[in-house]
Amino acid sequence: MTDLKALHDAVVDGDAKSAKALTDQAIKAGVAPGDLLGKALIPAMDEVGRRFECNEYFVPELLISARAMKGSMELIRPLLAKGGIQPVGKVAIGTVKGDLHDIGKNLVAAMLEGGGFEIIDLGVDVSPEKFVAAVNDKGANIICLSALLTTTMPSMKDTLAALNTAGIRGKVKVMIGGAPITDAYAKEIGADGYSDNASSAVQLARRLVGKA
Amino acid sequence: MTDLPELQSPPINRLFLVGCEVFTRELHAAVATSERQVDAVWLPKDLHDRGGKAMMHVLQERCDQANPERHQAIALGFALCNNGLVGLRAGRLPIVAYRSHDCIGCLLGSRQRYEDEFRSQPGTYWYSAGWIERSGDGSHLAPLSVPDASDPQWAKMLAKYGEDNARFLWDEMRAQTAHYTRLVYIDTGVGPQDRFAAQAKRKADDRGMAFQRITGDRRWIQDLIDGPWDAERFLVIQPGQRVVARYDGTLVGTEAA
């Protein structure tokens with residue numbers, strides 16, 4: 001257990017080198033990949049989220065902890081798949097059509113991955129059709145839409161319309177976020193939820209898939 | 001397309017202008033030729049980086065400095081800027097603001113033109129006189145990966161996060177323009193436009209972005225001072241009202257404060 005505690009702390013502290021080395025050691029020592037995820041990485045990212053909510057951590061701390069977590073995940077991910085360990089949910093995430101600003105999107109993706117979700121990162125300037133395809137072809141059960149500008153916000157509505165037209169709106173939960181986005185806008189366009197930061201996005205996603 | 005009736009009587013002779021420094025040259029040009037008298041204060045162009053609420057509080061504080069004995073309306077030289085107007089209240093004087101996503105629409109002269117440009121090439125980084133001469137070294141197009149050792153922000157990050165994480169954060173923060181492919185300079189015709197355009201072109205060349213110089217249109221910016229304040233281009237916040245976001249294409253509206 002000491003290995004897991006050290007890995008947990010390395011992620012919370014944003015120490016990417018130690019996190020990777022500790023993960024490597026733990027895997028070689030035969031620690032189950034599910035334990036590395038469930039007993040070290042997920043609790044660590046939850047703790048990072050808690051500190052962010054209490055204003056002990058800010059965006060830079062989220063970024064460096066997410067970086068440490070991702071380094072560790074790169075080693076664990078292939079083993080999880082091999083061991084048949086199921087993710088909490090499958091998230092297709094991207095910035096909407098016309099929007100090229102991905103810092104917020106990347107941070108949310110990292111926090112969700114650290115929260116036990118599988119991430120299908122569709123990148124930037126993602127058309128409604130690509131989101132539809134992520135549900136149909138890759139089995140995403142959550143879609144996360146990001147927009148930084150009021151000019152690109154209408155693409156969120158277009159994406160929801162495309163999901164409706166494709167007849168798959170009922171199969172997927174839609175979360176939205178970004179600087180100009182509000183809860184009122186989420187309700188207006190019929191999204192399932194809105195989060196104003198990357199940490200609460202994890203809690204929202206868990207709630208939406210009934211795993212809070 | 002005329003002034004709103006309640007603003008025609010009594011006639012507006014004197015405005016209190018709270019301007020974004022991005023429009024310094026264009027609004028000064030408007031003031032210089034206007035029938036109206038204008039008292040102006042200027043605010044930094046990066047207010048939108050502070051987030052909607054923080055921006056609104058700064059605007060509110062400045063608008064509240066208007067003198068109802070001296071001014072008949074407040075001309076707010078700001079656009080929505082990611083909800084930076086939302087929540088703003090008009091006290092004893094009406095406030096008039098641009099009904100625009102941001103300054104780029106105003107500099108181009110119409111929302112339609114901006115939205116057309118945006119749709120055709122979303123990866124466009126915009127510059128104008130204000131964005132060039134008031135950028136300093138804090139430009140978003142500062143080179144990647146080479147932190148300037150004398151930059152106080154870098155020194156602070158280095159001390160706080162250690163070199164490995166500080167470098168990572170530096171690149172992350174500077175990577176926000178990574179997906180831009182075109183840099184457009186909007187020539188509004190006031191001031192040394194050739195010099196500013198040349199500076200913008202150098203920035204484009206440094207980043208390997210395509211460069212284009214296009215002609216702006218100062219009419220919208222000018223009309224904040226002269227009117228008419230038609231509802232298509234301007235939001236008029238009457239005393240006792242505050243700004244709300246609208247999602248129906250009008251961008252902003254008002255409600256009782």
# chains A, B, ... in the order shown; residues from 1 in each chain; ligands from 1
call {"tool": "interface_residues", "arguments": {"of": "chain A", "to": "chain B", "cutoff": "7 Å", "atoms": "only C-alpha atoms", "output": "ChimeraX atom specification"}}
result
/A:60,64,98-101,103,149-151,179-180
call {"tool": "residues_around", "arguments": {"residues": "Pro44 in chain B", "least_positions_apart": "5", "cutoff": "9 Å", "atoms": "only C-alpha atoms", "output": "count of residues only"}}
result
5
call {"tool": "residues_around", "arguments": {"residues": "range 116-123 of chain A", "least_positions_apart": "6", "cutoff": "10 Å", "atoms": "only C-alpha atoms", "output": "PyMOL selection string"}}
result
chain A and resi 37-38+41-43+45+77+86-96+100-102+105-106+109-110+130-131+134+138-140+142-144+202+205-206
call {"tool": "select_by_dssp", "arguments": {"residues": "range 34-154 of chain B", "states": "strand (DSSP E or B)", "output": "VMD selection string"}}
result
chain B and resid 37 to 43 73 to 77 89 95 to 98 124 to 127
call {"tool": "write_last_selection", "arguments": {"atoms": "N, CA, C and O atoms", "output": "PDB file, in the first residue's frame"}}
result
ATOM      1  N   GLN B  37     -20.452  66.654 -27.025  1.00  0.00           N
ATOM      2  CA  GLN B  37     -19.257  66.786 -26.200  1.00  0.00           C
ATOM      3  C   GLN B  37     -19.072  65.487 -25.439  1.00  0.00           C
ATOM      4  O   GLN B  37     -20.043  64.895 -24.958  1.00  0.00           O
ATOM      5  N   VAL B  38     -17.838  65.061 -25.313  1.00  0.00           N
ATOM      6  CA  VAL B  38     -17.580  63.749 -24.708  1.00  0.00           C
ATOM      7  C   VAL B  38     -16.465  63.853 -23.675  1.00  0.00           C
ATOM      8  O   VAL B  38     -15.399  64.387 -23.963  1.00  0.00           O
ATOM      9  N   ASP B  39     -16.754  63.349 -22.477  1.00  0.00           N
ATOM     10  CA  ASP B  39     -15.705  63.143 -21.473  1.00  0.00           C
ATOM     11  C   ASP B  39     -15.372  61.657 -21.503  1.00  0.00           C
ATOM     12  O   ASP B  39     -16.289  60.828 -21.434  1.00  0.00           O
ATOM     13  N   ALA B  40     -14.093  61.336 -21.578  1.00  0.00           N
ATOM     14  CA  ALA B  40     -13.748  59.923 -21.766  1.00  0.00           C
ATOM     15  C   ALA B  40     -12.808  59.389 -20.697  1.00  0.00           C
ATOM     16  O   ALA B  40     -11.936  60.106 -20.202  1.00  0.00           O
ATOM     17  N   VAL B  41     -13.021  58.133 -20.338  1.00  0.00           N
ATOM     18  CA  VAL B  41     -12.036  57.380 -19.556  1.00  0.00           C
ATOM     19  C   VAL B  41     -11.758  56.087 -20.336  1.00  0.00           C
ATOM     20  O   VAL B  41     -12.613  55.600 -21.072  1.00  0.00           O
ATOM     21  N   TRP B  42     -10.556  55.542 -20.145  1.00  0.00           N
ATOM     22  CA  TRP B  42     -10.149  54.355 -20.921  1.00  0.00           C
ATOM     23  C   TRP B  42      -9.786  53.218 -19.990  1.00  0.00           C
ATOM     24  O   TRP B  42      -9.167  53.415 -18.955  1.00  0.00           O
ATOM     25  N   LEU B  43     -10.160  52.033 -20.418  1.00  0.00           N
ATOM     26  CA  LEU B  43      -9.886  50.845 -19.606  1.00  0.00           C
ATOM     27  C   LEU B  43      -9.024  49.868 -20.404  1.00  0.00           C
ATOM     28  O   LEU B  43      -9.043  49.867 -21.634  1.00  0.00           O
ATOM     29  N   ALA B  73     -25.948  60.629 -20.978  1.00  0.00           N
ATOM     30  CA  ALA B  73     -25.892  59.183 -21.238  1.00  0.00           C
ATOM     31  C   ALA B  73     -24.440  58.725 -21.138  1.00  0.00           C
ATOM     32  O   ALA B  73     -23.512  59.533 -21.240  1.00  0.00           O
ATOM     33  N   ILE B  74     -24.310  57.417 -20.930  1.00  0.00           N
ATOM     34  CA  ILE B  74     -22.980  56.813 -20.881  1.00  0.00           C
ATOM     35  C   ILE B  74     -22.791  55.994 -22.154  1.00  0.00           C
ATOM     36  O   ILE B  74     -23.596  55.106 -22.461  1.00  0.00           O
ATOM     37  N   ALA B  75     -21.739  56.319 -22.890  1.00  0.00           N
ATOM     38  CA  ALA B  75     -21.397  55.519 -24.081  1.00  0.00           C
ATOM     39  C   ALA B  75     -20.338  54.526 -23.651  1.00  0.00           C
ATOM     40  O   ALA B  75     -19.244  54.902 -23.236  1.00  0.00           O
ATOM     41  N   LEU B  76     -20.690  53.241 -23.708  1.00  0.00           N
ATOM     42  CA  LEU B  76     -19.764  52.208 -23.261  1.00  0.00           C
ATOM     43  C   LEU B  76     -19.086  51.593 -24.479  1.00  0.00           C
ATOM     44  O   LEU B  76     -19.722  50.879 -25.255  1.00  0.00           O
ATOM     45  N   GLY B  77     -17.820  51.921 -24.645  1.00  0.00           N
ATOM     46  CA  GLY B  77     -17.089  51.431 -25.814  1.00  0.00           C
ATOM     47  C   GLY B  77     -16.601  50.017 -25.609  1.00  0.00           C
ATOM     48  O   GLY B  77     -15.407  49.732 -25.705  1.00  0.00           O
ATOM     49  N   ARG B  89     -25.533  47.320 -14.486  1.00  0.00           N
ATOM     50  CA  ARG B  89     -26.760  48.070 -14.186  1.00  0.00           C
ATOM     51  C   ARG B  89     -26.611  49.525 -14.624  1.00  0.00           C
ATOM     52  O   ARG B  89     -25.533  50.104 -14.480  1.00  0.00           O
ATOM     53  N   ILE B  95     -27.169  53.635 -20.329  1.00  0.00           N
ATOM     54  CA  ILE B  95     -25.871  53.206 -20.857  1.00  0.00           C
ATOM     55  C   ILE B  95     -26.099  52.602 -22.245  1.00  0.00           C
ATOM     56  O   ILE B  95     -27.025  51.823 -22.439  1.00  0.00           O
ATOM     57  N   VAL B  96     -25.259  52.987 -23.184  1.00  0.00           N
ATOM     58  CA  VAL B  96     -25.359  52.432 -24.535  1.00  0.00           C
ATOM     59  C   VAL B  96     -24.095  51.631 -24.825  1.00  0.00           C
ATOM     60  O   VAL B  96     -22.984  52.121 -24.583  1.00  0.00           O
ATOM     61  N   ALA B  97     -24.253  50.393 -25.283  1.00  0.00           N
ATOM     62  CA  ALA B  97     -23.084  49.543 -25.577  1.00  0.00           C
ATOM     63  C   ALA B  97     -23.259  48.892 -26.939  1.00  0.00           C
ATOM     64  O   ALA B  97     -24.365  48.838 -27.479  1.00  0.00           O
ATOM     65  N   TYR B  98     -22.148  48.390 -27.472  1.00  0.00           N
ATOM     66  CA  TYR B  98     -22.215  47.695 -28.758  1.00  0.00           C
ATOM     67  C   TYR B  98     -22.898  46.342 -28.592  1.00  0.00           C
ATOM     68  O   TYR B  98     -22.530  45.565 -27.708  1.00  0.00           O
ATOM     69  N   THR B 124      -8.604  32.316 -37.269  1.00  0.00           N
ATOM     70  CA  THR B 124      -8.067  33.638 -37.584  1.00  0.00           C
ATOM     71  C   THR B 124      -7.744  34.414 -36.306  1.00  0.00           C
ATOM     72  O   THR B 124      -8.562  34.488 -35.401  1.00  0.00           O
ATOM     73  N   TYR B 125      -6.549  34.933 -36.254  1.00  0.00           N
ATOM     74  CA  TYR B 125      -6.157  35.803 -35.146  1.00  0.00           C
ATOM     75  C   TYR B 125      -6.222  37.240 -35.663  1.00  0.00           C
ATOM     76  O   TYR B 125      -5.653  37.554 -36.701  1.00  0.00           O
ATOM     77  N   TRP B 126      -6.933  38.088 -34.931  1.00  0.00           N
ATOM     78  CA  TRP B 126      -7.202  39.438 -35.426  1.00  0.00           C
ATOM     79  C   TRP B 126      -6.310  40.474 -34.752  1.00  0.00           C
ATOM     80  O   TRP B 126      -6.059  40.396 -33.558  1.00  0.00           O
ATOM     81  N   TYR B 127      -5.913  41.443 -35.550  1.00  0.00           N
ATOM     82  CA  TYR B 127      -5.174  42.587 -35.015  1.00  0.00           C
ATOM     83  C   TYR B 127      -5.773  43.871 -35.564  1.00  0.00           C
ATOM     84  O   TYR B 127      -6.357  43.895 -36.646  1.00  0.00           O
TER      85      TYR B 127
END
call {"tool": "residues_around", "arguments": {"residues": "Asp9 in chain A", "least_positions_apart": "2", "cutoff": "10 Å", "atoms": "only C-alpha atoms", "output": "ChimeraX atom specification"}}
result
/A:3-7,11-15,18-19,40-41,43-44,47,65
call {"tool": "atom_distance", "arguments": {"atom1": "CA of Ala198 in chain A", "atom2": "CA of Glu61 in chain A"}}
result
12.1 Å
call {"tool": "select_by_dssp", "arguments": {"residues": "chain A", "states": "helix (DSSP H, G or I)", "output": "PyMOL selection string"}}
result
chain A and resi 2-13+16-28+33-53+59-82+103-114+128-138+154-165+169-171+183-189+198-208
call {"tool": "residues_around", "arguments": {"residues": "range 53-57 of chain A", "least_positions_apart": "5", "cutoff": "10 Å", "atoms": "only C-alpha atoms", "output": "list in words"}}
result
Glu47, Val48, Leu62, Asn197, Ser199 and Ser200 of chain A
